[in-house]
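Q: Take this structure first; my questions come after.
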Amino acid sequence: MKRINTADKHGKGIQVFLFLFAITSVIIVLFISFFIFYRGFPLFKNHSFIKFLTSSTWDPMADKPEFGILSFIAGSFYVTGVSLVIAIPMGIGTAVYLAELSAGNTAVILRRIVELLAGIPSVIFGFIGVTVLSGIVRFFFGGTGFCILTGGIVLSLMILPTIISISEVSIRSVPSELKEGSLALGATSLQTIFRVIIPAARKGITAGIILSIGRAVGETMAILMVAGNAPVMPDSILSMTRTMTMNIVTDMGYAEGEHMTSLFSTAIVLFVFILIINLSVNYFTHRIGNEKQQ
Amino acid sequence: MKKITVLFVLAALTTAVVFAGGKKEGLTGEYNLGGSTTVAPVMTYAIEEFSEIEPGVRVSYEAVGSSTGIKGVINDIYLIGGASREVKPAELESGIIPVPIALDCLVMVVNSDVTIENLTEEQLAKIFTGRITNWKEVGGGDREINVVTREESSGTFGTFMDMIVIPAYGKKEKVKSDSIVVSSNGDMITKVASTPSSIGYTGLGYVSQLENAGGKVIMLNSVTPSEKTVKDSSYALSRKLYIVYKGEIEEGSFKKVFIDFLLGKTGQSLVQEAGFIPLD
Amino acid sequence: MKNSNKLKQTTDRIILFFIYLSAFATALILVSIIGYITYRGLYRESRINKEILESRNIEYEFDNEKYIFLVNKTLKRNSLNITELDQILEKGIKNWSSVSETRAKIKIISLFRKEKEINRTYDIRNISTAEEMIKIFKSEPGTIGIIPLSARGKINLKNLKILYLDKNCVAAGYKVTEIINNSRLAVLSEKDLVKITNGEVSNWKEVKGHDIPLEMLSTADQVAKSSGGFAVVDYRKAVESGVSIIPVSYVRKGANFTPGFLFDKPAKAGKAGGISTIIINTLFMIVLTLLFSVPVGVGAAVYLTEYAAAGKVLKIIRLGIETLAGIPSIIFGLFGFIFFVDILNMGIGLLSGSLTVAMMIIPVIIRTSEEALRSVPLSYREGSLALGAGLWYTIRKIVLPAAKPGILSGVILSIGRALGETAALVFTMGFDYRLANGIKSSARVLSVHLYQLVREGISFERAFATAFVLMCFIFIINTATIALVSGKTKYGEKQ
């Protein structure tokens with residue numbers, strides 16, 4: 001696609017201006033990284049970085065404070081895992097249904113509901129988690145009802161809309177020639193869906209899943225209310241946990257001095273985590289994209 | 001695109017017009033107050049009523065915690081601070097003057113399925129440090145106790161430690177590690193009211209919402225927390241709430257008028273309305 | 001061959017079953033969540049423990065003459081108890097928001113009242129005619145009208161109601177509230193109270209108390225001397241005699257959300273009044289946020305689609321946008337808190353909050369605008385350029401107008417995201433629920449209000465009413481987006 005550049009009078013100026021707009025996102029990202037690091041890094045003058053990552057003793061108010069966030073990293077990891085185990089099959093199943101199997105009003109209504117859910121503030125999910133879901137988990141599995149499982153379920157509800165809509169879009173964008181070809185060769189429509197359409201859409205689906213991992217890891221307000229928030233190393237799916245985001249927001253209101261710095265240090269780890277996820281989205285989409293071209 | 005621009009300009013103009021409110025006579029100016037989250041409801045109520053009387057002023061209160069509030073008063077960020085703890089000697093030396101505005105107490109709350117009605121301080125200390133883990137050990141049914149506690153940096157947690165745990169063991173002891181940790185009074189209410197066999201603690205001001213949500217308040221050493229028992233000191237877990245300021249109070253200044261308002265009839269009835277106990 | 005075909009068919013069936021199951025489960029879960037929010041938003045069932053019974057008396061005595069109290073029907077309170085009445089008459093309580101969810105100044109007027117009768121500090125205005133009284137009721141919704149019981153027939157009660165005055169309580173003998181085996185009767189349910197007063201109860205254990213015979217008595221002094229006595233007595237007399245008072249728990253059901261909730265100012269930290277100023281603050285935030293993010297977002301999209309050439313710079317920009325989109329809102333909150341609030345010294349307020357949210361929604365706007373710009377057929381541009389127009393002129397006059405519906409739908413989508421945002425706003429925008437009076441003024445928005453109501457345990461009922469309102473807003477916004485997107489087909493044909 002070649003464009004004839006017959007720039008008008010201040011064409012160059014406008015181009016520079018628009019370039020500045022385009023580069024804003026990059027600048028914001030750099031700024032955010034800089035400030036989070038700037039505020040969180042001083043902790044490692046007095047405390048070992050390795051210990052920060054590998055110790056599970058969190059005692060910021062003690063006379064000799066200890067900052068170890070391993071259990072929070074583990075918490076984030078487990079909760080996100082549980083939410084994915086629930087949300088991926090449900091989300092992709094629903095997306096396949098919406099894109100290929102449903103007709104007429106059912107799909108329209110279901111899609112509207114999914115969109116509506118995407119905009120509901122997380123506090124409400126948290127409240128429903130405390131009053132309804134924790135009771136259900138308690139009934140079936142015992143314990144307090146505030147645990148990794150409940151947290152995972154609440155998160156899965158919150159990431160379902162992301163997975164559903166991104167997967168649906170990518171399933172829909174599979175060229176119809178592929179589908180028609182498969183059907184013409186005598187494949188059943190199910191075979192077509194699983195052998196042809198889903199593999200062709202896997203780039204988008206993967207991106208959607210990774211994006212929802214980012215959302216799950218970064219979610220704060222809802223998970224804060226349902227995961228129990230005890231700063232202990234979780235030993236089963238039914239034990240309480242505190243995630244990195246929960247740790248930041250729990251102490252944010254009161255923390256002072258080094259304690260406050262340690263919250264920013266937690267944010268660094270979270271941030272790097274998210275960066276890795278984002279970079280892998282980028283990598284996945286591009287690699288698969290390239291494969292396709294070859 | 002033009003329409004969008006017009007829309008934006010219009011919106012911006014409306015915003016500007018609404019913002020440019022007129023000023024009236026009486027006290028004027030903007031005053032920033034800040035401090036304890038516990039004191040926040042009283043201050044919010046008071047500010048609301050105060051601006052009815054003095055429409056020219058705009059007062060705001062930021063709930064940032066007692067320590068930050070006092071620090072803010074020392075550094076002239078806040079004109080008046082709210083504190084839910086005693087002022088420390090070092091703070092007094094920096095010129096901080098505390099004025100008590102209300103009485104408060106910690107109340108022990110349990111889920112409605114807990115049959116017991118009373119606990120002693122010693123039993124409480126044992127429950128929260130994990131030495132008692134079953135309700136049958138204190139006269140209830142045979143069920144595990146679910147302990148709900150506040151985050152370590154909160155003032156309410158500090159008060160609980162100072163009044164229950166430290167007197168029992170002579171030193172700071174850790175709350176049992178598998179307690180549910182909540183980071184606000186609202187969350188405490190929701191958790192205790194919805195978790196069977198649970199016990200937690202909160203301020204007197206949250207009792208009605210707790211009862212509405214389905215929890216109950218228990219007695220401590222056979223004393224029910226109430227205005228009467230706090231005032232005659234028979235209830236053990238009471239504390240004072242303060243506002244703090246620095247320097248002279250001039251007649252007719254905002255500081256003077258506002259503090260008088262808080263200590264006056266309306267102010268004290270707002271204290272009661274916020275769930276605390278007015279001074280006499 | 002046949003077997004494998006059969007097997008395939010079975011697997012196909014199972015897979016199909018799972019797809020339908022997951023779609024059905026998703027639909028069921030999502031509908032129940034929305035249903036739950038709607039249900040709790042519209043209907044409430046609240047419990048309240050009261051020492052002073054809802055005894056439904058209507059008369060109040062001043063100096064041997066009986067009076068009744070009238071209030072507007074719109075008031076969300078049917079009764080006052082004597083302690084509240086005292087506080088009102090002694091000027092401690094000045095607004096209905098102190099004792100109800102209605103926000104209205106209390107004004108007391110009196111009709112046909114002889115001089116010197118009510119010796120209180122409150123200014124009671126004397127009114128001479130019923131018409132004048134009705135007029136005051138209309139202009140001042142928080143009015144309390146005191147009229148002699150004998151004059152009841154002379155007033156048209158069309159928009160008014162008689163306020164009940166509660167003054168009785170349940171007094172019980174000393175043994176009833178004693179702790180035995182760490183249990184006691186701490187509260188009596190309304191049903192049990194009715195049973196007792198109907199004489200159906202002969203022992204306290206029938207109403208979850210100790211095993212003590214229940215003795216029906218009539219005065220507080222009698223009860224104070226008894227071990228298992230019961231009487232409904234005047235609250236003040238009960239307090240004087242020192243008898244134990246048992247609170248009664250009432251369950252109240254009714255409408256939660258009312259239209260007034262949308263149009264009234266919030267009061268008492270959200271306990272009373274409505275959410276009008278919060279809705280307006282939310283609009284301010286949205287306007288400001290869009291002011292910051294739309295030019296940048298659309299500009300960036302124009303650059304990416306119309307100017308940028310493939311290369312390293314483009315790759316970095318794309319990576320930046322994608323990364324920005326993935327950053328969790330708590331990190332935006334922390335950043336906004338350090339950078340805007342602290343370092344740039346903007347303070348906690350509209351400006352800091354809007355800038356923070358603007359950063360969050362820029363990627364959404366870029367993405368959707370890019371898509372919209374790309375779907376404008378190349379022929380449009382070529383035509384314009386061939387006619388000798390410059391590139392910027394072409395973009396301004398041809399491409400952007402053609403892409404407008406798509407861009408707008410992106411903007412609307414990002415409004416939805418900004419509406420639901422909490423974590424980033426808590427530390428940057430503040431909690432003040434009054435109307436913002438400046439760009440730096442702390443301003444509470446709907447999602448933060450919701451957060452505060454739940455977090456501070458102010459009122460879970462009102463939190464759900466707010467959530468319901470927010471959900472309706474989002475529904476409207478989504479509908480608008482869909483309408484716009486379907487309007488887009490005007491420029492339909494793809495390249």
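Each chain of the structure tokens is named A, B, ... in the order shown, its residues numbered from 1; ligands are numbered from 1 in display order.
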Write down as an MDAnalysis selection string the residues of segment 197-264 of chain C whose backbone DSSP state falls under helix (DSSP H, G or I).

A: chainID C and resid 197 204:207 220:225 235:241 260:263

Q: I'd like the neighbourhood of Asn134 of chain B as number ranges by chain, where a residue qualifies if any of its atoms comes within 6 Å (using only C-alpha atoms), though same-chain residues fewer than 5 positions away should be ignored.

A: B: 143-145

Q: Write the residues you've just listed into a file as a short mmCIF file (atom, residue, chain, number, x, y, z; two decimals), in the first residue's frame, and include C-alpha atoms for each of them.

A:
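So the final result, stored in result_31.cif, reads:
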```cif
data_model
loop_
_atom_site.label_atom_id
_atom_site.label_comp_id
_atom_site.auth_asym_id
_atom_site.auth_seq_id
_atom_site.Cartn_x
_atom_site.Cartn_y
_atom_site.Cartn_z
CA ARG B 143 -17.35 -26.13 66.05
CA GLU B 144 -14.06 -24.71 64.84
CA ILE B 145 -13.66 -21.00 65.50
#
```

Q: Using DSSP on the backbone coordinates, identify the residues of segment 63-160 of chain B assigned to strand (DSSP E); present them as a ChimeraX atom specification.

A: /B:63,80-83,96-111,118-119,146-150

Q: Between C:Leu453, C:Ile327, C:Val176, C:Ala358, which has the minimum distance to Pro41 of chain B (counting only C-alpha atoms)?

A: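 For Pro41 of chain B, the nearest of the candidates is C:Leu453.
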
Q: With only C-alpha atoms as the basis for distance, which of B:Thr159, B:Ser51, B:Thr133, B:Ser184 is at the shortest distance from chain A?

A: B:Ser184

Q: Output the contact residues of chain A with respect to chain B at a cut-off of 8 Å, based on only C-alpha atoms, as a PyMOL selection string.

A: chain A and resi 61+130-131+135+144-146+225+228-232+240+250-251+253-255

Q: Select all residues from chain C having any atom no more than 9 Å from an atom of chain B (counting only C-alpha atoms, ignoring ligands), output as a PDB file with N, CA and C atoms, in the first residue's frame.

A:
```pdb
ATOM      1  N   SER C  46     -34.443  -5.685  55.260  1.00  0.00           N
ATOM      2  CA  SER C  46     -33.432  -5.337  56.249  1.00  0.00           C
ATOM      3  C   SER C  46     -33.912  -5.677  57.657  1.00  0.00           C
ATOM      4  N   ARG C  47     -32.949  -5.941  58.489  1.00  0.00           N
ATOM      5  CA  ARG C  47     -33.235  -6.318  59.864  1.00  0.00           C
ATOM      6  C   ARG C  47     -32.779  -5.181  60.760  1.00  0.00           C
ATOM      7  N   ILE C  48     -33.550  -4.903  61.780  1.00  0.00           N
ATOM      8  CA  ILE C  48     -33.104  -3.854  62.685  1.00  0.00           C
ATOM      9  C   ILE C  48     -33.529  -4.201  64.109  1.00  0.00           C
ATOM     10  N   ASN C  49     -32.600  -4.047  65.046  1.00  0.00           N
ATOM     11  CA  ASN C  49     -32.928  -4.303  66.455  1.00  0.00           C
ATOM     12  C   ASN C  49     -33.264  -2.989  67.135  1.00  0.00           C
ATOM     13  N   GLN C  87     -34.477  14.717  70.618  1.00  0.00           N
ATOM     14  CA  GLN C  87     -33.328  15.342  69.944  1.00  0.00           C
ATOM     15  C   GLN C  87     -33.777  16.368  68.912  1.00  0.00           C
ATOM     16  N   GLU C  90     -35.077  19.386  70.858  1.00  0.00           N
ATOM     17  CA  GLU C  90     -34.007  20.112  71.524  1.00  0.00           C
ATOM     18  C   GLU C  90     -32.936  20.562  70.542  1.00  0.00           C
ATOM     19  N   LYS C  91     -33.234  20.481  69.246  1.00  0.00           N
ATOM     20  CA  LYS C  91     -32.389  21.069  68.209  1.00  0.00           C
ATOM     21  C   LYS C  91     -31.108  20.302  67.910  1.00  0.00           C
ATOM     22  N   GLY C  92     -30.970  19.106  68.478  1.00  0.00           N
ATOM     23  CA  GLY C  92     -29.768  18.340  68.153  1.00  0.00           C
ATOM     24  C   GLY C  92     -29.845  17.844  66.717  1.00  0.00           C
ATOM     25  N   ILE C  93     -31.031  17.354  66.333  1.00  0.00           N
ATOM     26  CA  ILE C  93     -31.224  16.843  64.973  1.00  0.00           C
ATOM     27  C   ILE C  93     -31.923  17.906  64.151  1.00  0.00           C
ATOM     28  N   LYS C  94     -31.319  18.269  63.033  1.00  0.00           N
ATOM     29  CA  LYS C  94     -31.890  19.340  62.228  1.00  0.00           C
ATOM     30  C   LYS C  94     -32.330  18.885  60.861  1.00  0.00           C
ATOM     31  N   ASN C  95     -31.970  17.678  60.513  1.00  0.00           N
ATOM     32  CA  ASN C  95     -32.292  17.212  59.174  1.00  0.00           C
ATOM     33  C   ASN C  95     -32.812  15.783  59.260  1.00  0.00           C
ATOM     34  N   SER C  98     -30.705  12.557  59.472  1.00  0.00           N
ATOM     35  CA  SER C  98     -30.155  11.978  60.700  1.00  0.00           C
ATOM     36  C   SER C  98     -30.945  10.758  61.152  1.00  0.00           C
ATOM     37  N   VAL C  99     -32.226  10.720  60.831  1.00  0.00           N
ATOM     38  CA  VAL C  99     -33.048   9.613  61.331  1.00  0.00           C
ATOM     39  C   VAL C  99     -33.742   8.841  60.222  1.00  0.00           C
ATOM     40  N   ILE C 179     -26.863 -14.329  82.294  1.00  0.00           N
ATOM     41  CA  ILE C 179     -26.121 -15.305  81.493  1.00  0.00           C
ATOM     42  C   ILE C 179     -26.059 -16.632  82.235  1.00  0.00           C
ATOM     43  N   ASN C 181     -24.893 -20.642  81.388  1.00  0.00           N
ATOM     44  CA  ASN C 181     -24.182 -21.464  80.380  1.00  0.00           C
ATOM     45  C   ASN C 181     -23.771 -20.628  79.177  1.00  0.00           C
ATOM     46  N   ASN C 182     -23.330 -19.438  79.440  1.00  0.00           N
ATOM     47  CA  ASN C 182     -22.890 -18.520  78.394  1.00  0.00           C
ATOM     48  C   ASN C 182     -23.944 -18.266  77.318  1.00  0.00           C
ATOM     49  N   SER C 183     -25.205 -18.279  77.730  1.00  0.00           N
ATOM     50  CA  SER C 183     -26.212 -17.858  76.763  1.00  0.00           C
ATOM     51  C   SER C 183     -27.315 -17.114  77.498  1.00  0.00           C
ATOM     52  N   ARG C 184     -28.057 -16.327  76.763  1.00  0.00           N
ATOM     53  CA  ARG C 184     -29.155 -15.568  77.344  1.00  0.00           C
ATOM     54  C   ARG C 184     -30.046 -15.085  76.202  1.00  0.00           C
ATOM     55  N   ALA C 186     -30.926 -12.325  74.157  1.00  0.00           N
ATOM     56  CA  ALA C 186     -30.363 -11.003  73.877  1.00  0.00           C
ATOM     57  C   ALA C 186     -31.318 -10.164  73.051  1.00  0.00           C
ATOM     58  N   VAL C 251     -38.006  -7.153  60.895  1.00  0.00           N
ATOM     59  CA  VAL C 251     -37.580  -7.350  59.517  1.00  0.00           C
ATOM     60  C   VAL C 251     -38.439  -6.445  58.655  1.00  0.00           C
ATOM     61  N   ALA C 267     -26.348  12.295  51.408  1.00  0.00           N
ATOM     62  CA  ALA C 267     -26.095  12.895  52.704  1.00  0.00           C
ATOM     63  C   ALA C 267     -25.632  11.810  53.661  1.00  0.00           C
ATOM     64  N   LYS C 268     -25.009  12.216  54.729  1.00  0.00           N
ATOM     65  CA  LYS C 268     -24.565  11.287  55.769  1.00  0.00           C
ATOM     66  C   LYS C 268     -23.733  10.143  55.185  1.00  0.00           C
ATOM     67  N   ALA C 269     -22.692  10.509  54.466  1.00  0.00           N
ATOM     68  CA  ALA C 269     -21.750   9.551  53.894  1.00  0.00           C
ATOM     69  C   ALA C 269     -22.423   8.533  52.974  1.00  0.00           C
ATOM     70  N   PHE C 284     -18.507  14.602  34.976  1.00  0.00           N
ATOM     71  CA  PHE C 284     -17.321  15.463  34.910  1.00  0.00           C
ATOM     72  C   PHE C 284     -16.084  14.632  34.604  1.00  0.00           C
ATOM     73  N   VAL C 287     -16.101  13.462  31.002  1.00  0.00           N
ATOM     74  CA  VAL C 287     -15.805  14.550  30.065  1.00  0.00           C
ATOM     75  C   VAL C 287     -14.308  14.851  30.077  1.00  0.00           C
ATOM     76  N   LEU C 288     -13.757  15.009  31.295  1.00  0.00           N
ATOM     77  CA  LEU C 288     -12.330  15.323  31.399  1.00  0.00           C
ATOM     78  C   LEU C 288     -11.471  14.204  30.822  1.00  0.00           C
ATOM     79  N   LEU C 290     -12.232  12.032  28.581  1.00  0.00           N
ATOM     80  CA  LEU C 290     -12.304  11.992  27.119  1.00  0.00           C
ATOM     81  C   LEU C 290     -11.518  13.150  26.512  1.00  0.00           C
ATOM     82  N   LEU C 291     -11.578  14.293  27.192  1.00  0.00           N
ATOM     83  CA  LEU C 291     -10.844  15.467  26.724  1.00  0.00           C
ATOM     84  C   LEU C 291      -9.351  15.145  26.600  1.00  0.00           C
ATOM     85  N   ARG C 396      -8.755  14.771   7.257  1.00  0.00           N
ATOM     86  CA  ARG C 396      -9.698  15.591   8.000  1.00  0.00           C
ATOM     87  C   ARG C 396     -11.090  15.554   7.367  1.00  0.00           C
ATOM     88  N   LYS C 397     -11.126  15.689   6.039  1.00  0.00           N
ATOM     89  CA  LYS C 397     -12.414  15.886   5.368  1.00  0.00           C
ATOM     90  C   LYS C 397     -13.040  14.577   4.895  1.00  0.00           C
ATOM     91  N   LEU C 400     -11.633  10.769   8.346  1.00  0.00           N
ATOM     92  CA  LEU C 400     -12.194  10.829   9.702  1.00  0.00           C
ATOM     93  C   LEU C 400     -13.726  10.843   9.708  1.00  0.00           C
ATOM     94  N   PRO C 401     -14.387  11.652   8.870  1.00  0.00           N
ATOM     95  CA  PRO C 401     -15.855  11.592   8.865  1.00  0.00           C
ATOM     96  C   PRO C 401     -16.368  10.195   8.536  1.00  0.00           C
ATOM     97  N   LYS C 404     -16.103   7.989  11.533  1.00  0.00           N
ATOM     98  CA  LYS C 404     -16.681   8.553  12.754  1.00  0.00           C
ATOM     99  C   LYS C 404     -17.492   7.554  13.587  1.00  0.00           C
ATOM    100  N   GLY C 430     -10.375  10.646  45.036  1.00  0.00           N
ATOM    101  CA  GLY C 430     -10.933  11.054  46.310  1.00  0.00           C
ATOM    102  C   GLY C 430     -12.363  10.606  46.549  1.00  0.00           C
ATOM    103  N   PHE C 431     -12.870  10.978  47.726  1.00  0.00           N
ATOM    104  CA  PHE C 431     -14.138  10.431  48.215  1.00  0.00           C
ATOM    105  C   PHE C 431     -15.224  11.472  48.429  1.00  0.00           C
ATOM    106  N   ASP C 432     -14.939  12.747  48.149  1.00  0.00           N
ATOM    107  CA  ASP C 432     -15.908  13.785  48.492  1.00  0.00           C
ATOM    108  C   ASP C 432     -17.166  13.635  47.638  1.00  0.00           C
ATOM    109  N   LEU C 435     -20.845  18.011  45.063  1.00  0.00           N
ATOM    110  CA  LEU C 435     -20.554  18.387  43.691  1.00  0.00           C
ATOM    111  C   LEU C 435     -19.142  18.970  43.636  1.00  0.00           C
ATOM    112  N   ALA C 436     -18.338  18.507  42.686  1.00  0.00           N
ATOM    113  CA  ALA C 436     -16.983  19.043  42.564  1.00  0.00           C
ATOM    114  C   ALA C 436     -17.063  20.530  42.245  1.00  0.00           C
ATOM    115  N   ASN C 437     -16.249  21.345  42.904  1.00  0.00           N
ATOM    116  CA  ASN C 437     -16.324  22.784  42.635  1.00  0.00           C
ATOM    117  C   ASN C 437     -15.074  23.312  41.960  1.00  0.00           C
ATOM    118  N   GLY C 438     -14.278  22.432  41.445  1.00  0.00           N
ATOM    119  CA  GLY C 438     -13.068  22.872  40.755  1.00  0.00           C
ATOM    120  C   GLY C 438     -12.376  21.665  40.192  1.00  0.00           C
ATOM    121  N   ILE C 439     -11.418  21.931  39.347  1.00  0.00           N
ATOM    122  CA  ILE C 439     -10.789  20.831  38.638  1.00  0.00           C
ATOM    123  C   ILE C 439      -9.912  20.002  39.574  1.00  0.00           C
ATOM    124  N   SER C 442     -11.680  17.137  45.148  1.00  0.00           N
ATOM    125  CA  SER C 442     -11.915  15.717  45.341  1.00  0.00           C
ATOM    126  C   SER C 442     -13.350  15.392  44.947  1.00  0.00           C
ATOM    127  N   GLN C 452     -17.056   2.522  48.620  1.00  0.00           N
ATOM    128  CA  GLN C 452     -17.094   3.072  49.970  1.00  0.00           C
ATOM    129  C   GLN C 452     -18.262   2.504  50.769  1.00  0.00           C
ATOM    130  N   LEU C 453     -19.439   2.409  50.120  1.00  0.00           N
ATOM    131  CA  LEU C 453     -20.621   1.906  50.832  1.00  0.00           C
ATOM    132  C   LEU C 453     -20.383   0.495  51.345  1.00  0.00           C
ATOM    133  N   VAL C 454     -19.730  -0.330  50.519  1.00  0.00           N
ATOM    134  CA  VAL C 454     -19.473  -1.706  50.931  1.00  0.00           C
ATOM    135  C   VAL C 454     -18.336  -1.768  51.940  1.00  0.00           C
ATOM    136  N   ARG C 455     -17.257  -1.056  51.637  1.00  0.00           N
ATOM    137  CA  ARG C 455     -16.052  -1.121  52.446  1.00  0.00           C
ATOM    138  C   ARG C 455     -16.267  -0.563  53.842  1.00  0.00           C
ATOM    139  N   GLU C 456     -16.967   0.545  53.939  1.00  0.00           N
ATOM    140  CA  GLU C 456     -17.185   1.140  55.251  1.00  0.00           C
ATOM    141  C   GLU C 456     -18.452   0.607  55.899  1.00  0.00           C
ATOM    142  N   GLY C 457     -19.096  -0.373  55.242  1.00  0.00           N
ATOM    143  CA  GLY C 457     -20.294  -0.964  55.831  1.00  0.00           C
ATOM    144  C   GLY C 457     -21.396   0.047  56.053  1.00  0.00           C
ATOM    145  N   ILE C 458     -21.475   1.061  55.192  1.00  0.00           N
ATOM    146  CA  ILE C 458     -22.458   2.121  55.394  1.00  0.00           C
ATOM    147  C   ILE C 458     -23.859   1.608  55.092  1.00  0.00           C
ATOM    148  N   SER C 459     -24.029   1.011  53.937  1.00  0.00           N
ATOM    149  CA  SER C 459     -25.328   0.427  53.628  1.00  0.00           C
ATOM    150  C   SER C 459     -25.189  -0.491  52.429  1.00  0.00           C
ATOM    151  N   PHE C 460     -25.391  -1.782  52.660  1.00  0.00           N
ATOM    152  CA  PHE C 460     -25.286  -2.727  51.551  1.00  0.00           C
ATOM    153  C   PHE C 460     -26.470  -2.575  50.611  1.00  0.00           C
TER     154      PHE C 460
END
```

Q: Which residue is closest to Phe35 of chain A? Choose from A:Met244, A:Met260, A:Ala267, A:Ile120 and count only C-alpha atoms.

A: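 Between A:Met244, A:Met260, A:Ala267, A:Ile120, the residue approaching Phe35 of chain A most closely is A:Ala267.
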
Q: Go through chain A residue by residue and, counting only C-alpha atoms, keep those with an atom at most 7 Å from chain C; for each kept residue give the shortest atom pair and its distance in Å to one decimal, ordered by chain and increasing number, as a Markdown table.

A:
```
| residue | atom | partner | partner_atom | distance |
| --- | --- | --- | --- | --- |
| A:Asn5 | CA | C:Leu391 | CA | 6.5 |
| A:Thr6 | CA | C:Gly390 | CA | 5.1 |
| A:Ala7 | CA | C:Gly390 | CA | 4.9 |
| A:Asp8 | CA | C:Gly390 | CA | 4.7 |
| A:Gly11 | CA | C:Trp392 | CA | 6.4 |
| A:Leu18 | CA | C:Gly299 | CA | 5.3 |
| A:Phe19 | CA | C:Tyr303 | CA | 6.1 |
| A:Phe21 | CA | C:Ala300 | CA | 4.9 |
| A:Ala22 | CA | C:Ala300 | CA | 3.8 |
| A:Ile23 | CA | C:Ile317 | CA | 6.0 |
| A:Ser25 | CA | C:Ile321 | CA | 5.4 |
| A:Val26 | CA | C:Gly320 | CA | 4.4 |
| A:Val29 | CA | C:Leu324 | CA | 6.1 |
| A:Ile32 | CA | C:Phe335 | CA | 6.1 |
| A:Phe35 | CA | C:Phe335 | CA | 6.8 |
| A:Ile36 | CA | C:Phe335 | CA | 6.9 |
| A:Met90 | CA | C:Ser22 | CA | 4.9 |
| A:Gly93 | CA | C:Ile19 | CA | 4.7 |
| A:Thr94 | CA | C:Ala23 | CA | 4.2 |
| A:Tyr97 | CA | C:Ile19 | CA | 6.4 |
| A:Leu110 | CA | C:Ala27 | CA | 6.4 |
| A:Ile113 | CA | C:Leu30 | CA | 6.9 |
| A:Leu116 | CA | C:Phe475 | CA | 6.1 |
| A:Gly119 | CA | C:Gly420 | CA | 5.6 |
| A:Ile120 | CA | C:Gly420 | CA | 5.8 |
| A:Pro121 | CA | C:Gly420 | CA | 4.5 |
| A:Val123 | CA | C:Tyr451 | CA | 6.0 |
| A:Leu190 | CA | C:Asp12 | CA | 6.6 |
| A:Leu211 | CA | C:Gly326 | CA | 6.9 |
| A:Gly214 | CA | C:Gly326 | CA | 6.2 |
| A:Arg215 | CA | C:Pro328 | CA | 6.7 |
| A:Gly218 | CA | C:Pro328 | CA | 4.6 |
| A:Glu219 | CA | C:Pro328 | CA | 6.9 |
| A:Thr220 | CA | C:Ile330 | CA | 7.0 |
| A:Met221 | CA | C:Ala423 | CA | 6.8 |
| A:Ala267 | CA | C:Ile331 | CA | 6.9 |
| A:Ile274 | CA | C:Ile327 | CA | 6.6 |
| A:Leu275 | CA | C:Thr323 | CA | 6.7 |
| A:Asn278 | CA | C:Thr323 | CA | 5.8 |
```

Q: Val82 of chain A: which residues within 7 Å, counting only C-alpha atoms, same-chain residues fewer than 3 positions away excluded, as a ChimeraX atom specification?

A: /A:78-79,85-86,149,152

Q: Could you save those same residues with N, CA and C atoms as a tab-separated table (two decimals), in the first residue's frame?

A:
```tsv
chain	number	residue	atom	x	y	z
A	78	TYR	N	-1.72	-19.34	41.91
A	78	TYR	CA	-2.77	-20.34	42.11
A	78	TYR	C	-4.14	-19.81	41.72
A	79	VAL	N	-4.45	-18.60	42.20
A	79	VAL	CA	-5.77	-18.05	41.95
A	79	VAL	C	-6.01	-17.90	40.45
A	85	VAL	N	-8.62	-22.51	34.64
A	85	VAL	CA	-9.16	-23.87	34.48
A	85	VAL	C	-10.69	-23.80	34.30
A	86	ILE	N	-11.31	-22.88	35.00
A	86	ILE	CA	-12.76	-22.75	34.87
A	86	ILE	C	-13.14	-21.97	33.62
A	149	LEU	N	-9.97	-21.34	45.86
A	149	LEU	CA	-11.03	-21.79	44.98
A	149	LEU	C	-12.07	-20.68	44.76
A	152	GLY	N	-10.65	-17.97	42.73
A	152	GLY	CA	-10.54	-18.38	41.34
A	152	GLY	C	-11.89	-18.32	40.63
```

Q: How far is it from atom CA of Ile53 of chain B to atom CA of Thr143 of chain C, in Å with one decimal?

A: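 Interatomic distance, atom CA of Ile53 of chain B to atom CA of Thr143 of chain C: 18.7 Å.
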
Q: Mind checking which residues fall within 10 Å of segment 92-102 of chain B, counting only C-alpha atoms, ignoring those fewer than 3 positions away in the same chain, and posting them as a count of residues only?

A: 39

Q: Just give me the gap between atom CA of Asp234 of chain C and atom CA of Met216 of chain C in Å, one decimal is fine.

A: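 Atom-to-atom, atom CA of Asp234 of chain C to atom CA of Met216 of chain C, that is 15.5 Å.
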